[in-house]
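Chemist: Sharing a structure with you now.
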2 protein chains.
Amino acid sequence: MTTRTAAQRRQDARVAYDAYLATCPARRLLDRISDKWVSLLLNALADGPQRYSDLSRTVAGVSQKMLTQTLRTLERDGLVTRTVTPAVPVRVDYGLTPLGVSLLPVMRAIKDWAETHIEEVAAAQESYDAQVNAQERHS
Amino acid sequence: MTTRTAAQRRQDARVAYDAYLATCPARRLLDRISDKWVSLLLNALADGPQRYSDLSRTVAGVSQKMLTQTLRTLERDGLVTRTVTPAVPVRVDYGLTPLGVSLLPVMRAIKDWAETHIEEVAAAQESYDAQVNAQERHS
DNA sequence: CAGTATCCCTCATGATACTG
DNA sequence: CAGTATCATGAGGGATACTG
């Protein structure tokens, strides 16, 4: 009799992995920049600071909730600055920090690979799908 | 009377954005590599091909479902190869394609930025949290 | 203007059980 | 060994309404 079943061992491994991934810098960065709105916001701010309402127009389709939530996270991470100008009505400007700017080349590297190899990926997908279809006809 | 309300316009914009993002190469790549298991699998295969059962051990914590699902997607995208050796029992080897290998430097760039700037991010978070706490005490 | 608060619902993931 | 099929759940995201 083993003290733990295979299922329990796998579950333990998963918990350990989650803990590891929670602290892994690369993992955390990937989680951030892969967020639907993060890349769009960083891109929008790359050309210069913008107000909250400007961003909601530039990045059309984003809900107020997600815009605020995403900006807060980026601010907390030190990637964007939030500048409040007390007035009536209040004015808030968002802009990239030097840290945020330093991330742009990485985003660009991702974009470059994607655009360079998109054709190859598309071809691979087509060929894969064709084979799957062919096999289905034989069954 | 306008023909569309602000809510309708935002919804339309969201649909349009989703359609755009579905075709945007950089967006699609980000979606792939940000997948929890993709980066781990690519890393595991970077050192050479592995069998299905090897991968499930190397990448401990992954369920059969996600392992298979992720490998299928990577195969379809042309990033990994799947080689079946008919025998009893059957043997299946997975390995990186040249396309898959070409992606490794990009992953490395992400990892490098993360590890280089993790301290700055952590410091920013600490400072942010401290300010939030201070403000809560004043309310 | 720049948010906050709430409800709701979908979708991705994981556990479990079964198979050629 | 290398999967497939089915079910359950929970966290993320959107719509809506309200506020200093």
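Residue numbering restarts at 1 in every chain; chains get A, B, ... in the order shown in the structure tokens, and ligands count up from 1 in that same order.
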Can I get the residues of chain C within 9 Å of chain B, each with the closest pair of atoms and their distance in Å to one decimal, using only C-alpha atoms (C1' of nucleotides), sorted chain first then ascending number, as CSV?
Modeler:
```
residue,atom,partner,partner_atom,distance
C:DT13,C1',B:Met66,CA,8.1
C:DG14,C1',B:Ser63,CA,7.2
C:DA15,C1',B:Ser63,CA,9.0
```
Chemist: Show me, as a tab-separated table, the residues of chain B having an atom within 9 Å of chain D, each with the closest atom pair and its distance in Å, using only C-alpha atoms (C1' of nucleotides).
Modeler:
```
residue	atom	partner	partner_atom	distance
B:Ala7	CA	D:DA15	C1'	8.9
B:Tyr52	CA	D:DA2	C1'	7.1
B:Ser53	CA	D:DC1	C1'	7.7
B:Gln64	CA	D:DG3	C1'	8.1
B:Lys65	CA	D:DG3	C1'	8.9
B:Thr68	CA	D:DG3	C1'	7.7
B:Val88	CA	D:DC1	C1'	8.4
B:Pro89	CA	D:DC1	C1'	5.5
B:Val90	CA	D:DC1	C1'	6.0
B:Arg91	CA	D:DC1	C1'	6.7
B:Val92	CA	D:DA2	C1'	7.5
```
Chemist: I need the chosen residues saved as a PDB file, in the first residue's frame, with N, CA and C atoms.
Modeler:
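And here's again-v3.pdb as it stands now:
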```pdb
ATOM      1  N   ALA B   7     -23.876  52.825 -25.463  1.00  0.00           N
ATOM      2  CA  ALA B   7     -23.631  51.423 -25.108  1.00  0.00           C
ATOM      3  C   ALA B   7     -23.526  50.559 -26.360  1.00  0.00           C
ATOM      4  N   TYR B  52       5.741  11.253 -24.761  1.00  0.00           N
ATOM      5  CA  TYR B  52       4.566  11.774 -24.056  1.00  0.00           C
ATOM      6  C   TYR B  52       4.696  11.587 -22.544  1.00  0.00           C
ATOM      7  N   SER B  53       5.045  10.380 -22.161  1.00  0.00           N
ATOM      8  CA  SER B  53       5.126  10.074 -20.725  1.00  0.00           C
ATOM      9  C   SER B  53       6.288  10.827 -20.064  1.00  0.00           C
ATOM     10  N   GLN B  64      -3.475  15.173 -18.106  1.00  0.00           N
ATOM     11  CA  GLN B  64      -3.407  14.542 -19.424  1.00  0.00           C
ATOM     12  C   GLN B  64      -4.119  15.394 -20.459  1.00  0.00           C
ATOM     13  N   LYS B  65      -5.256  15.884 -20.070  1.00  0.00           N
ATOM     14  CA  LYS B  65      -6.048  16.678 -21.003  1.00  0.00           C
ATOM     15  C   LYS B  65      -5.268  17.880 -21.524  1.00  0.00           C
ATOM     16  N   THR B  68      -2.108  16.909 -23.717  1.00  0.00           N
ATOM     17  CA  THR B  68      -2.496  16.543 -25.081  1.00  0.00           C
ATOM     18  C   THR B  68      -2.979  17.763 -25.855  1.00  0.00           C
ATOM     19  N   VAL B  88       3.963  -2.278 -29.840  1.00  0.00           N
ATOM     20  CA  VAL B  88       3.060  -2.587 -28.727  1.00  0.00           C
ATOM     21  C   VAL B  88       3.849  -2.560 -27.438  1.00  0.00           C
ATOM     22  N   PRO B  89       3.603  -1.557 -26.613  1.00  0.00           N
ATOM     23  CA  PRO B  89       2.664  -0.462 -26.840  1.00  0.00           C
ATOM     24  C   PRO B  89       3.247   0.602 -27.762  1.00  0.00           C
ATOM     25  N   VAL B  90       2.374   1.446 -28.287  1.00  0.00           N
ATOM     26  CA  VAL B  90       2.785   2.485 -29.223  1.00  0.00           C
ATOM     27  C   VAL B  90       3.700   3.499 -28.545  1.00  0.00           C
ATOM     28  N   ARG B  91       4.596   4.108 -29.340  1.00  0.00           N
ATOM     29  CA  ARG B  91       5.519   5.096 -28.801  1.00  0.00           C
ATOM     30  C   ARG B  91       5.380   6.391 -29.595  1.00  0.00           C
ATOM     31  N   VAL B  92       5.261   7.506 -28.865  1.00  0.00           N
ATOM     32  CA  VAL B  92       5.091   8.806 -29.519  1.00  0.00           C
ATOM     33  C   VAL B  92       6.147   9.774 -29.016  1.00  0.00           C
TER      34      VAL B  92
END
```
Chemist: Using only C-alpha atoms and a cut-off of 6 Å, which residues of chain B sit close to chain A? Please list them as a ChimeraX atom specification.
Modeler: /B:10,13-14,25-26,30,34,60-61,76-78,111,114-115,121,124-125,128
Chemist: Write out the residues from the selection above, keeping N, CA and C atoms, as a PDB file, in the first residue's frame.
Modeler:
```
ATOM      1  N   ARG B  10     -20.212  51.167 -28.102  1.00  0.00           N
ATOM      2  CA  ARG B  10     -19.093  50.518 -27.429  1.00  0.00           C
ATOM      3  C   ARG B  10     -19.093  49.019 -27.720  1.00  0.00           C
ATOM      4  N   ALA B  13     -17.815  48.441 -31.119  1.00  0.00           N
ATOM      5  CA  ALA B  13     -16.357  48.619 -31.115  1.00  0.00           C
ATOM      6  C   ALA B  13     -15.677  47.379 -30.552  1.00  0.00           C
ATOM      7  N   ARG B  14     -16.280  46.802 -29.536  1.00  0.00           N
ATOM      8  CA  ARG B  14     -15.701  45.612 -28.933  1.00  0.00           C
ATOM      9  C   ARG B  14     -15.702  44.443 -29.920  1.00  0.00           C
ATOM     10  N   PRO B  25      -1.380  39.086 -35.862  1.00  0.00           N
ATOM     11  CA  PRO B  25      -0.340  38.089 -35.614  1.00  0.00           C
ATOM     12  C   PRO B  25       0.272  38.192 -34.222  1.00  0.00           C
ATOM     13  N   ALA B  26       0.612  39.394 -33.817  1.00  0.00           N
ATOM     14  CA  ALA B  26       1.253  39.570 -32.513  1.00  0.00           C
ATOM     15  C   ALA B  26       0.321  39.115 -31.393  1.00  0.00           C
ATOM     16  N   LEU B  30       1.009  36.105 -28.753  1.00  0.00           N
ATOM     17  CA  LEU B  30       0.950  36.338 -27.307  1.00  0.00           C
ATOM     18  C   LEU B  30       0.004  35.358 -26.639  1.00  0.00           C
ATOM     19  N   SER B  34       1.647  32.750 -23.956  1.00  0.00           N
ATOM     20  CA  SER B  34       1.281  33.086 -22.583  1.00  0.00           C
ATOM     21  C   SER B  34       0.515  31.944 -21.935  1.00  0.00           C
ATOM     22  N   ALA B  60       5.709  18.288 -14.507  1.00  0.00           N
ATOM     23  CA  ALA B  60       4.847  17.727 -13.466  1.00  0.00           C
ATOM     24  C   ALA B  60       3.714  18.701 -13.169  1.00  0.00           C
ATOM     25  N   GLY B  61       2.559  18.151 -12.878  1.00  0.00           N
ATOM     26  CA  GLY B  61       1.432  19.001 -12.533  1.00  0.00           C
ATOM     27  C   GLY B  61       0.474  19.230 -13.675  1.00  0.00           C
ATOM     28  N   ARG B  76      -0.154  21.744 -34.485  1.00  0.00           N
ATOM     29  CA  ARG B  76      -0.926  22.390 -35.551  1.00  0.00           C
ATOM     30  C   ARG B  76      -0.267  23.690 -35.998  1.00  0.00           C
ATOM     31  N   ASP B  77       0.324  24.401 -35.065  1.00  0.00           N
ATOM     32  CA  ASP B  77       0.986  25.667 -35.386  1.00  0.00           C
ATOM     33  C   ASP B  77       2.352  25.456 -36.035  1.00  0.00           C
ATOM     34  N   GLY B  78       2.777  24.191 -36.117  1.00  0.00           N
ATOM     35  CA  GLY B  78       4.065  23.909 -36.740  1.00  0.00           C
ATOM     36  C   GLY B  78       5.254  24.161 -35.828  1.00  0.00           C
ATOM     37  N   LYS B 111      12.186  36.343 -20.865  1.00  0.00           N
ATOM     38  CA  LYS B 111      12.739  35.893 -19.592  1.00  0.00           C
ATOM     39  C   LYS B 111      13.816  36.877 -19.096  1.00  0.00           C
ATOM     40  N   ALA B 114      12.351  40.068 -17.769  1.00  0.00           N
ATOM     41  CA  ALA B 114      11.690  39.777 -16.490  1.00  0.00           C
ATOM     42  C   ALA B 114      12.714  39.685 -15.364  1.00  0.00           C
ATOM     43  N   GLU B 115      13.782  38.946 -15.620  1.00  0.00           N
ATOM     44  CA  GLU B 115      14.760  38.734 -14.552  1.00  0.00           C
ATOM     45  C   GLU B 115      15.584  39.981 -14.278  1.00  0.00           C
ATOM     46  N   VAL B 121      10.194  46.169 -10.509  1.00  0.00           N
ATOM     47  CA  VAL B 121       8.758  45.952 -10.426  1.00  0.00           C
ATOM     48  C   VAL B 121       8.343  45.708  -8.975  1.00  0.00           C
ATOM     49  N   ALA B 124       8.370  48.905  -7.086  1.00  0.00           N
ATOM     50  CA  ALA B 124       7.236  49.750  -7.469  1.00  0.00           C
ATOM     51  C   ALA B 124       5.972  49.267  -6.771  1.00  0.00           C
ATOM     52  N   GLN B 125       5.783  47.964  -6.727  1.00  0.00           N
ATOM     53  CA  GLN B 125       4.601  47.401  -6.086  1.00  0.00           C
ATOM     54  C   GLN B 125       4.586  47.716  -4.596  1.00  0.00           C
ATOM     55  N   TYR B 128       3.758  51.332  -4.089  1.00  0.00           N
ATOM     56  CA  TYR B 128       2.344  51.555  -4.416  1.00  0.00           C
ATOM     57  C   TYR B 128       1.457  51.092  -3.270  1.00  0.00           C
TER      58      TYR B 128
END
```
Chemist: Pull the strand (DSSP E) assignments for chain B out of DSSP run on the backbone, and list those residues as number ranges by chain.
Modeler: B: 50-51, 80-85, 91-96
Chemist: Just the number, please: distance in Å from atom CA of B:Thr85 to atom CA of B:Pro49, one decimal.
Modeler: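 Separating atom CA of B:Thr85 from atom CA of B:Pro49 is a distance of 13.7 Å.
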